[in-house]
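Data block for input-v7.cif (mmCIF, N, CA and C atoms):
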```cif
data_entry
#
loop_
_atom_site.group_PDB
_atom_site.id
_atom_site.type_symbol
_atom_site.label_atom_id
_atom_site.label_comp_id
_atom_site.auth_asym_id
_atom_site.auth_seq_id
_atom_site.Cartn_x
_atom_site.Cartn_y
_atom_site.Cartn_z
ATOM 1 N N MET M 136 127.344 122.209 99.625
ATOM 2 C CA MET M 136 127.220 121.908 101.040
ATOM 3 C C MET M 136 128.286 120.919 101.486
ATOM 4 N N LEU M 137 128.508 119.890 100.669
ATOM 5 C CA LEU M 137 129.462 118.855 101.078
ATOM 6 C C LEU M 137 130.877 119.394 101.199
ATOM 7 N N ALA M 138 131.174 120.509 100.576
ATOM 8 C CA ALA M 138 132.516 121.082 100.642
ATOM 9 C C ALA M 138 132.742 121.865 101.934
ATOM 10 N N LEU M 139 131.696 122.085 102.713
ATOM 11 C CA LEU M 139 131.852 122.853 103.947
ATOM 12 C C LEU M 139 132.560 122.026 105.009
ATOM 13 N N THR M 140 133.652 122.539 105.491
ATOM 14 C CA THR M 140 134.376 121.953 106.620
ATOM 15 C C THR M 140 135.008 123.113 107.367
ATOM 16 N N GLY M 141 135.414 122.855 108.564
ATOM 17 C CA GLY M 141 136.063 123.926 109.293
ATOM 18 C C GLY M 141 136.608 123.464 110.618
ATOM 19 N N SER M 142 137.529 124.251 111.141
ATOM 20 C CA SER M 142 138.115 124.006 112.449
ATOM 21 C C SER M 142 138.341 125.339 113.129
ATOM 22 N N ALA M 143 138.037 125.396 114.410
ATOM 23 C CA ALA M 143 138.292 126.586 115.216
ATOM 24 C C ALA M 143 138.228 126.183 116.682
ATOM 25 N N ASN M 144 139.160 126.647 117.455
ATOM 26 C CA ASN M 144 139.168 126.403 118.904
ATOM 27 C C ASN M 144 139.046 124.908 119.234
ATOM 28 N N ASP M 145 139.825 124.097 118.556
ATOM 29 C CA ASP M 145 139.843 122.641 118.771
ATOM 30 C C ASP M 145 138.524 121.956 118.446
ATOM 31 N N VAL M 146 137.695 122.604 117.653
ATOM 32 C CA VAL M 146 136.428 121.999 117.199
ATOM 33 C C VAL M 146 136.497 121.877 115.679
ATOM 34 N N THR M 147 136.163 120.693 115.173
ATOM 35 C CA THR M 147 136.165 120.451 113.736
ATOM 36 C C THR M 147 134.784 119.972 113.317
ATOM 37 N N PHE M 148 134.323 120.439 112.176
ATOM 38 C CA PHE M 148 133.056 119.913 111.646
ATOM 39 C C PHE M 148 133.246 119.552 110.180
ATOM 40 N N THR M 149 132.481 118.559 109.772
ATOM 41 C CA THR M 149 132.486 118.089 108.397
ATOM 42 C C THR M 149 131.047 117.806 108.007
ATOM 43 N N VAL M 150 130.637 118.225 106.833
ATOM 44 C CA VAL M 150 129.290 117.965 106.337
ATOM 45 C C VAL M 150 129.322 116.647 105.573
ATOM 46 N N THR M 151 128.420 115.746 105.908
ATOM 47 C CA THR M 151 128.292 114.475 105.199
ATOM 48 C C THR M 151 126.867 114.312 104.715
ATOM 49 N N ARG M 152 126.708 113.511 103.694
ATOM 50 C CA ARG M 152 125.386 113.272 103.123
ATOM 51 C C ARG M 152 124.670 112.225 103.965
ATOM 52 N N GLY M 153 123.411 112.472 104.230
ATOM 53 C CA GLY M 153 122.584 111.518 104.959
ATOM 54 C C GLY M 153 121.711 110.739 103.989
ATOM 55 N N VAL M 154 120.516 110.436 104.394
ATOM 56 C CA VAL M 154 119.580 109.687 103.570
ATOM 57 C C VAL M 154 119.260 110.490 102.312
ATOM 58 N N THR M 155 119.319 109.854 101.186
ATOM 59 C CA THR M 155 118.912 110.498 99.943
ATOM 60 C C THR M 155 117.708 109.739 99.400
ATOM 61 N N ARG M 156 116.902 110.403 98.672
ATOM 62 C CA ARG M 156 115.690 109.796 98.126
ATOM 63 C C ARG M 156 115.894 109.494 96.647
ATOM 64 N N PRO M 157 115.491 108.305 96.228
ATOM 65 C CA PRO M 157 115.623 107.982 94.812
ATOM 66 C C PRO M 157 114.651 108.818 93.979
ATOM 67 N N VAL M 158 114.963 108.949 92.712
ATOM 68 C CA VAL M 158 114.081 109.671 91.801
ATOM 69 C C VAL M 158 112.894 108.770 91.477
ATOM 70 N N TRP M 159 111.699 109.334 91.545
ATOM 71 C CA TRP M 159 110.480 108.593 91.232
ATOM 72 C C TRP M 159 109.967 109.084 89.891
ATOM 73 N N GLU M 160 109.589 108.143 89.047
ATOM 74 C CA GLU M 160 108.963 108.485 87.775
ATOM 75 C C GLU M 160 107.712 107.637 87.617
ATOM 76 N N PRO M 161 106.613 108.217 87.134
ATOM 77 C CA PRO M 161 105.382 107.443 86.957
ATOM 78 C C PRO M 161 105.602 106.295 85.980
ATOM 79 N N ASP M 162 105.138 105.104 86.355
ATOM 80 C CA ASP M 162 105.200 103.960 85.452
ATOM 81 C C ASP M 162 103.772 103.522 85.130
ATOM 82 N N ALA M 163 103.619 102.407 84.432
ATOM 83 C CA ALA M 163 102.282 101.952 84.008
ATOM 84 C C ALA M 163 101.377 101.701 85.211
ATOM 85 N N GLY M 164 101.916 101.121 86.284
ATOM 86 C CA GLY M 164 101.109 100.848 87.478
ATOM 87 C C GLY M 164 100.622 102.128 88.142
ATOM 88 N N THR M 165 101.499 103.100 88.228
ATOM 89 C CA THR M 165 101.116 104.387 88.812
ATOM 90 C C THR M 165 100.083 105.089 87.940
ATOM 91 N N MET M 166 100.261 105.032 86.631
ATOM 92 C CA MET M 166 99.300 105.674 85.741
ATOM 93 C C MET M 166 97.932 105.016 85.840
ATOM 94 N N ALA M 167 97.880 103.698 86.003
ATOM 95 C CA ALA M 167 96.593 103.014 86.180
ATOM 96 C C ALA M 167 95.938 103.457 87.485
ATOM 97 N N LEU M 168 96.740 103.582 88.546
ATOM 98 C CA LEU M 168 96.212 104.047 89.831
ATOM 99 C C LEU M 168 95.729 105.489 89.720
ATOM 100 N N TYR M 169 96.470 106.299 88.990
ATOM 101 C CA TYR M 169 96.075 107.687 88.771
ATOM 102 C C TYR M 169 94.731 107.762 88.046
ATOM 103 N N GLU M 170 94.551 106.914 87.039
ATOM 104 C CA GLU M 170 93.283 106.900 86.315
ATOM 105 C C GLU M 170 92.135 106.502 87.233
ATOM 106 N N LYS M 171 92.371 105.548 88.148
ATOM 107 C CA LYS M 171 91.344 105.194 89.142
ATOM 108 C C LYS M 171 90.998 106.415 89.983
ATOM 109 N N ALA M 172 92.018 107.114 90.433
ATOM 110 C CA ALA M 172 91.790 108.295 91.275
ATOM 111 C C ALA M 172 91.015 109.358 90.512
ATOM 112 N N ARG M 173 91.340 109.547 89.251
ATOM 113 C CA ARG M 173 90.590 110.520 88.442
ATOM 114 C C ARG M 173 89.134 110.120 88.326
ATOM 115 N N GLY M 174 88.866 108.809 88.200
ATOM 116 C CA GLY M 174 87.494 108.328 88.101
ATOM 117 C C GLY M 174 86.718 108.502 89.393
ATOM 118 N N VAL M 175 87.412 108.413 90.517
ATOM 119 C CA VAL M 175 86.778 108.543 91.827
ATOM 120 C C VAL M 175 86.554 110.007 92.188
ATOM 121 N N ALA M 176 87.467 110.879 91.776
ATOM 122 C CA ALA M 176 87.403 112.295 92.157
ATOM 123 C C ALA M 176 86.132 112.941 91.626
ATOM 124 N N ARG M 177 85.603 113.838 92.404
ATOM 125 C CA ARG M 177 84.424 114.588 91.966
ATOM 126 C C ARG M 177 84.795 115.494 90.804
ATOM 127 N N PRO M 178 83.844 115.726 89.912
ATOM 128 C CA PRO M 178 84.134 116.601 88.763
ATOM 129 C C PRO M 178 84.622 117.987 89.172
ATOM 130 N N ASP M 179 84.179 118.471 90.325
ATOM 131 C CA ASP M 179 84.601 119.807 90.756
ATOM 132 C C ASP M 179 85.828 119.746 91.658
ATOM 133 N N GLY M 180 86.415 118.559 91.806
ATOM 134 C CA GLY M 180 87.583 118.394 92.661
ATOM 135 C C GLY M 180 88.847 118.897 91.998
ATOM 136 N N PRO M 181 89.950 118.753 92.694
ATOM 137 C CA PRO M 181 91.212 119.258 92.155
ATOM 138 C C PRO M 181 91.663 118.473 90.931
ATOM 139 N N ARG M 182 92.299 119.148 90.027
ATOM 140 C CA ARG M 182 92.856 118.515 88.840
ATOM 141 C C ARG M 182 94.375 118.472 89.016
ATOM 142 N N ALA M 183 94.935 117.338 88.796
ATOM 143 C CA ALA M 183 96.385 117.197 88.893
ATOM 144 C C ALA M 183 96.835 116.180 87.875
ATOM 145 N N ALA M 184 98.046 116.309 87.462
ATOM 146 C CA ALA M 184 98.631 115.347 86.532
ATOM 147 C C ALA M 184 99.878 114.758 87.171
ATOM 148 N N PRO M 185 100.143 113.486 86.889
ATOM 149 C CA PRO M 185 101.350 112.878 87.446
ATOM 150 C C PRO M 185 102.594 113.598 86.935
ATOM 151 N N CYS M 186 103.422 114.018 87.845
ATOM 152 C CA CYS M 186 104.640 114.709 87.448
ATOM 153 C C CYS M 186 105.648 114.647 88.585
ATOM 154 N N GLN M 187 106.871 114.931 88.245
ATOM 155 C CA GLN M 187 107.917 115.013 89.249
ATOM 156 C C GLN M 187 107.973 116.436 89.766
ATOM 157 N N ARG M 188 108.305 116.540 91.018
ATOM 158 C CA ARG M 188 108.485 117.854 91.628
ATOM 159 C C ARG M 188 109.830 117.840 92.343
ATOM 160 N N GLY M 189 110.318 118.982 92.674
ATOM 161 C CA GLY M 189 111.597 119.071 93.363
ATOM 162 C C GLY M 189 111.464 118.839 94.854
ATOM 163 N N ARG M 190 110.704 117.860 95.231
ATOM 164 C CA ARG M 190 110.475 117.569 96.646
ATOM 165 C C ARG M 190 110.755 116.101 96.899
ATOM 166 N N GLY M 191 110.826 115.752 98.158
ATOM 167 C CA GLY M 191 111.012 114.360 98.521
ATOM 168 C C GLY M 191 109.886 113.892 99.420
ATOM 169 N N SER M 192 109.482 112.655 99.253
ATOM 170 C CA SER M 192 108.466 112.069 100.117
ATOM 171 C C SER M 192 108.720 110.577 100.210
ATOM 172 N N ASP M 193 107.964 109.911 101.038
ATOM 173 C CA ASP M 193 108.075 108.457 101.116
ATOM 174 C C ASP M 193 107.686 107.820 99.791
ATOM 175 N N GLY M 194 106.892 108.526 98.988
ATOM 176 C CA GLY M 194 106.523 108.032 97.678
ATOM 177 C C GLY M 194 107.724 107.844 96.764
ATOM 178 N N ASN M 195 108.808 108.584 97.006
ATOM 179 C CA ASN M 195 110.021 108.371 96.222
ATOM 180 C C ASN M 195 110.521 106.934 96.388
ATOM 181 N N PHE M 196 110.432 106.402 97.596
ATOM 182 C CA PHE M 196 110.921 105.052 97.861
ATOM 183 C C PHE M 196 110.006 103.998 97.239
ATOM 184 N N THR M 197 108.690 104.109 97.474
ATOM 185 C CA THR M 197 107.781 103.092 96.948
ATOM 186 C C THR M 197 107.735 103.143 95.424
ATOM 187 N N GLY M 198 107.721 104.336 94.861
ATOM 188 C CA GLY M 198 107.707 104.464 93.412
ATOM 189 C C GLY M 198 108.958 103.878 92.774
ATOM 190 N N ALA M 199 110.115 104.137 93.389
ATOM 191 C CA ALA M 199 111.362 103.606 92.853
ATOM 192 C C ALA M 199 111.425 102.087 92.969
ATOM 193 N N MET M 200 110.649 101.512 93.890
ATOM 194 C CA MET M 200 110.600 100.052 94.033
ATOM 195 C C MET M 200 109.615 99.418 93.061
ATOM 196 N N GLY M 201 108.927 100.252 92.265
ATOM 197 C CA GLY M 201 107.976 99.732 91.296
ATOM 198 C C GLY M 201 106.572 99.562 91.849
ATOM 199 N N VAL M 202 106.321 100.064 93.058
ATOM 200 C CA VAL M 202 104.990 100.000 93.660
ATOM 201 C C VAL M 202 104.177 101.174 93.125
ATOM 202 N N PRO M 203 102.991 100.919 92.527
ATOM 203 C CA PRO M 203 102.175 102.040 92.060
ATOM 204 C C PRO M 203 101.966 103.046 93.195
ATOM 205 N N THR M 204 102.275 104.298 92.939
ATOM 206 C CA THR M 204 102.335 105.289 94.012
ATOM 207 C C THR M 204 101.677 106.591 93.591
ATOM 208 N N LEU M 205 100.755 107.047 94.419
ATOM 209 C CA LEU M 205 100.212 108.398 94.291
ATOM 210 C C LEU M 205 100.675 109.176 95.512
ATOM 211 N N ASP M 206 101.088 110.380 95.312
ATOM 212 C CA ASP M 206 101.549 111.217 96.409
ATOM 213 C C ASP M 206 100.728 112.494 96.397
ATOM 214 N N GLY M 207 100.696 113.186 97.501
ATOM 215 C CA GLY M 207 99.991 114.449 97.558
ATOM 216 C C GLY M 207 98.494 114.298 97.731
ATOM 217 N N LEU M 208 98.065 113.210 98.386
ATOM 218 C CA LEU M 208 96.631 112.997 98.589
ATOM 219 C C LEU M 208 96.131 113.627 99.891
ATOM 220 N N GLY M 209 97.023 114.255 100.612
ATOM 221 C CA GLY M 209 96.618 114.903 101.850
ATOM 222 C C GLY M 209 95.808 116.152 101.597
ATOM 223 N N VAL M 210 95.394 116.778 102.673
ATOM 224 C CA VAL M 210 94.576 117.979 102.556
ATOM 225 C C VAL M 210 95.381 119.124 101.952
ATOM 226 N N ARG M 211 94.671 120.074 101.387
ATOM 227 C CA ARG M 211 95.329 121.264 100.851
ATOM 228 C C ARG M 211 95.740 122.171 101.998
ATOM 229 N N GLY M 212 96.769 122.942 101.750
ATOM 230 C CA GLY M 212 97.240 123.899 102.740
ATOM 231 C C GLY M 212 98.382 124.698 102.163
ATOM 232 N N ALA M 213 99.131 125.326 103.052
ATOM 233 C CA ALA M 213 100.259 126.138 102.586
ATOM 234 C C ALA M 213 101.270 126.305 103.707
ATOM 235 N N ASP M 214 102.432 126.755 103.315
ATOM 236 C CA ASP M 214 103.524 127.090 104.236
ATOM 237 C C ASP M 214 103.971 125.914 105.091
ATOM 238 N N ALA M 215 104.093 124.737 104.450
ATOM 239 C CA ALA M 215 104.487 123.537 105.188
ATOM 240 C C ALA M 215 105.803 123.738 105.935
ATOM 241 N N HIS M 216 105.872 123.175 107.117
ATOM 242 C CA HIS M 216 107.077 123.163 107.953
ATOM 243 C C HIS M 216 107.505 124.555 108.387
ATOM 244 N N THR M 217 106.553 125.467 108.519
ATOM 245 C CA THR M 217 106.855 126.808 109.020
ATOM 246 C C THR M 217 105.874 127.132 110.139
ATOM 247 N N LEU M 218 106.086 128.246 110.794
ATOM 248 C CA LEU M 218 105.157 128.675 111.837
ATOM 249 C C LEU M 218 103.807 129.076 111.257
ATOM 250 N N ASN M 219 103.748 129.319 109.947
ATOM 251 C CA ASN M 219 102.497 129.703 109.289
ATOM 252 C C ASN M 219 101.801 128.522 108.618
ATOM 253 N N GLU M 220 102.284 127.299 108.851
ATOM 254 C CA GLU M 220 101.682 126.128 108.212
ATOM 255 C C GLU M 220 100.207 126.043 108.580
ATOM 256 N N HIS M 221 99.386 125.738 107.581
ATOM 257 C CA HIS M 221 97.955 125.614 107.840
ATOM 258 C C HIS M 221 97.313 124.740 106.771
ATOM 259 N N ILE M 222 96.107 124.280 107.071
ATOM 260 C CA ILE M 222 95.341 123.491 106.107
ATOM 261 C C ILE M 222 94.093 124.267 105.713
ATOM 262 N N GLU M 223 93.534 123.872 104.578
ATOM 263 C CA GLU M 223 92.245 124.411 104.161
ATOM 264 C C GLU M 223 91.191 123.422 104.635
ATOM 265 N N VAL M 224 90.417 123.808 105.606
ATOM 266 C CA VAL M 224 89.451 122.925 106.250
ATOM 267 C C VAL M 224 88.493 122.307 105.241
ATOM 268 N N ASP M 225 88.089 123.080 104.237
ATOM 269 C CA ASP M 225 87.161 122.555 103.233
ATOM 270 C C ASP M 225 87.717 121.344 102.492
ATOM 271 N N SER M 226 89.031 121.193 102.485
ATOM 272 C CA SER M 226 89.623 120.073 101.755
ATOM 273 C C SER M 226 89.571 118.766 102.548
ATOM 274 N N LEU M 227 89.238 118.812 103.832
ATOM 275 C CA LEU M 227 89.172 117.583 104.636
ATOM 276 C C LEU M 227 88.144 116.603 104.076
ATOM 277 N N ALA M 228 86.929 117.073 103.852
ATOM 278 C CA ALA M 228 85.879 116.186 103.332
ATOM 279 C C ALA M 228 86.199 115.735 101.912
ATOM 280 N N GLU M 229 86.685 116.651 101.089
ATOM 281 C CA GLU M 229 87.027 116.328 99.701
ATOM 282 C C GLU M 229 88.067 115.210 99.638
ATOM 283 N N ARG M 230 89.141 115.347 100.387
ATOM 284 C CA ARG M 230 90.203 114.339 100.360
ATOM 285 C C ARG M 230 89.760 113.053 101.056
ATOM 286 N N GLY M 231 88.908 113.176 102.059
ATOM 287 C CA GLY M 231 88.353 111.983 102.702
ATOM 288 C C GLY M 231 87.526 111.160 101.723
ATOM 289 N N ARG M 232 86.703 111.838 100.913
ATOM 290 C CA ARG M 232 85.913 111.133 99.891
ATOM 291 C C ARG M 232 86.812 110.462 98.861
ATOM 292 N N LEU M 233 87.860 111.156 98.461
ATOM 293 C CA LEU M 233 88.774 110.595 97.486
ATOM 294 C C LEU M 233 89.450 109.337 98.051
ATOM 295 N N MET M 234 89.945 109.415 99.271
ATOM 296 C CA MET M 234 90.607 108.256 99.872
ATOM 297 C C MET M 234 89.635 107.100 100.043
ATOM 298 N N ALA M 235 88.420 107.370 100.504
ATOM 299 C CA ALA M 235 87.417 106.295 100.667
ATOM 300 C C ALA M 235 87.086 105.670 99.318
ATOM 301 N N GLY M 236 86.949 106.500 98.289
ATOM 302 C CA GLY M 236 86.671 105.975 96.959
ATOM 303 C C GLY M 236 87.817 105.123 96.429
ATOM 304 N N LEU M 237 89.045 105.552 96.654
ATOM 305 C CA LEU M 237 90.194 104.754 96.221
ATOM 306 C C LEU M 237 90.251 103.423 96.954
ATOM 307 N N LEU M 238 90.024 103.458 98.255
ATOM 308 C CA LEU M 238 90.040 102.207 99.032
ATOM 309 C C LEU M 238 88.944 101.254 98.572
ATOM 310 N N ALA M 239 87.810 101.801 98.173
ATOM 311 C CA ALA M 239 86.703 100.969 97.715
ATOM 312 C C ALA M 239 87.014 100.291 96.380
ATOM 313 N N THR M 240 87.992 100.799 95.620
ATOM 314 C CA THR M 240 88.321 100.198 94.337
ATOM 315 C C THR M 240 89.366 99.096 94.451
ATOM 316 N N LEU M 241 89.908 98.895 95.650
ATOM 317 C CA LEU M 241 90.945 97.873 95.816
ATOM 318 C C LEU M 241 90.416 96.503 95.468
ATOM 319 N N GLU M 242 91.241 95.735 94.814
ATOM 320 C CA GLU M 242 90.845 94.392 94.397
ATOM 321 C C GLU M 242 91.353 93.362 95.373
#
```

Represent the structure from my file as structure tokens, please.
Amino acid sequence: MLALTGSANDVTFTVTRGVTRPVWEPDAGTMALYEKARGVARPDGPRAAPCQRGRGSDGNFTGAMGVPTLDGLGVRGADAHTLNEHIEVDSLAERGRLMAGLLATLE
């Protein structure tokens, strides 16, 4: 992408890099927070493991700063950022319980 440049009819364009997100990796603080979340989650709730994905979020910034960070706590859905984006309504209560339980564990 950065190699794209061009000129035509007295118009020139150049591609430049904008904001980039640092790489986030789970550390001891994040793993402790993850274990709290696992303890709060209902046994029939979603199962997830801390891992990196090829996506960017604000969690990249907090995690890279050493702040224990969990990402992806929002409701389930599909087709993000498209005209078909939607949520699974049943996940509203599930994720609400998880967030309330996590907040209740704050010291």

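For chain M, backbone-based DSSP assignment of strand (DSSP E) covers Thr140, Gly141, Ser142, Ala143, Val146, Thr147, Phe148, Thr149, Gly212, Ala213, His221 and Ile222 of chain M.
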
Legend entry - Distance of atom N of Leu205 (chain M) from CA of His221 (chain M), expressed in Å to one decimal place: 23.1 Å

Inset, instruction - Evaluate the PyMOL selection byres ((chain M and resi 152-162) around 7) and record the selected residues as a PyMOL selection string, following the chain and residue labels used in the document. - result: chain M and resi 137+150-151+163-167+185-187+191-192+194-196+198-199

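Of the listed residues (M:Ala172, M:Leu227, M:Met200, M:Ala215), M:Ala172 comes nearest to Thr240 (chain M); the distances count only C-alpha atoms.
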
Inset, instruction - Go ahead and compute the interatomic distance for CA of Ile222 (chain M) and CA of Gly207 (chain M), in Å to one decimal. - result: 13.3 Å

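With CA of Ala213 (chain M) on one side and CA of Ala228 (chain M) on the other, the separation reads 17.5 Å.
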
Legend entry - DSSP alpha helix (DSSP H) selection over region 136-180 of chain M, as number ranges by chain: M: 163-175

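Checking M:Val175, M:Leu168, M:Thr149, M:Thr217 one by one against Arg232 (chain M), counting all atoms listed in the file, you find the shortest gap at M:Val175.
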
Inset, instruction - Step by step, work through what the PyMOL selection byres ((chain M and resi 210) around 7) selects in the shown file, and finish by giving those residues as a ChimeraX atom specification. - result: /M:207-209,211-212,222-223,226-227,230

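For the set M:Leu237, M:Tyr169, M:Thr147, M:His216, the residue with the smallest atom-to-atom gap to Thr204 (chain M) is M:Tyr169, counting all atoms listed in the file.
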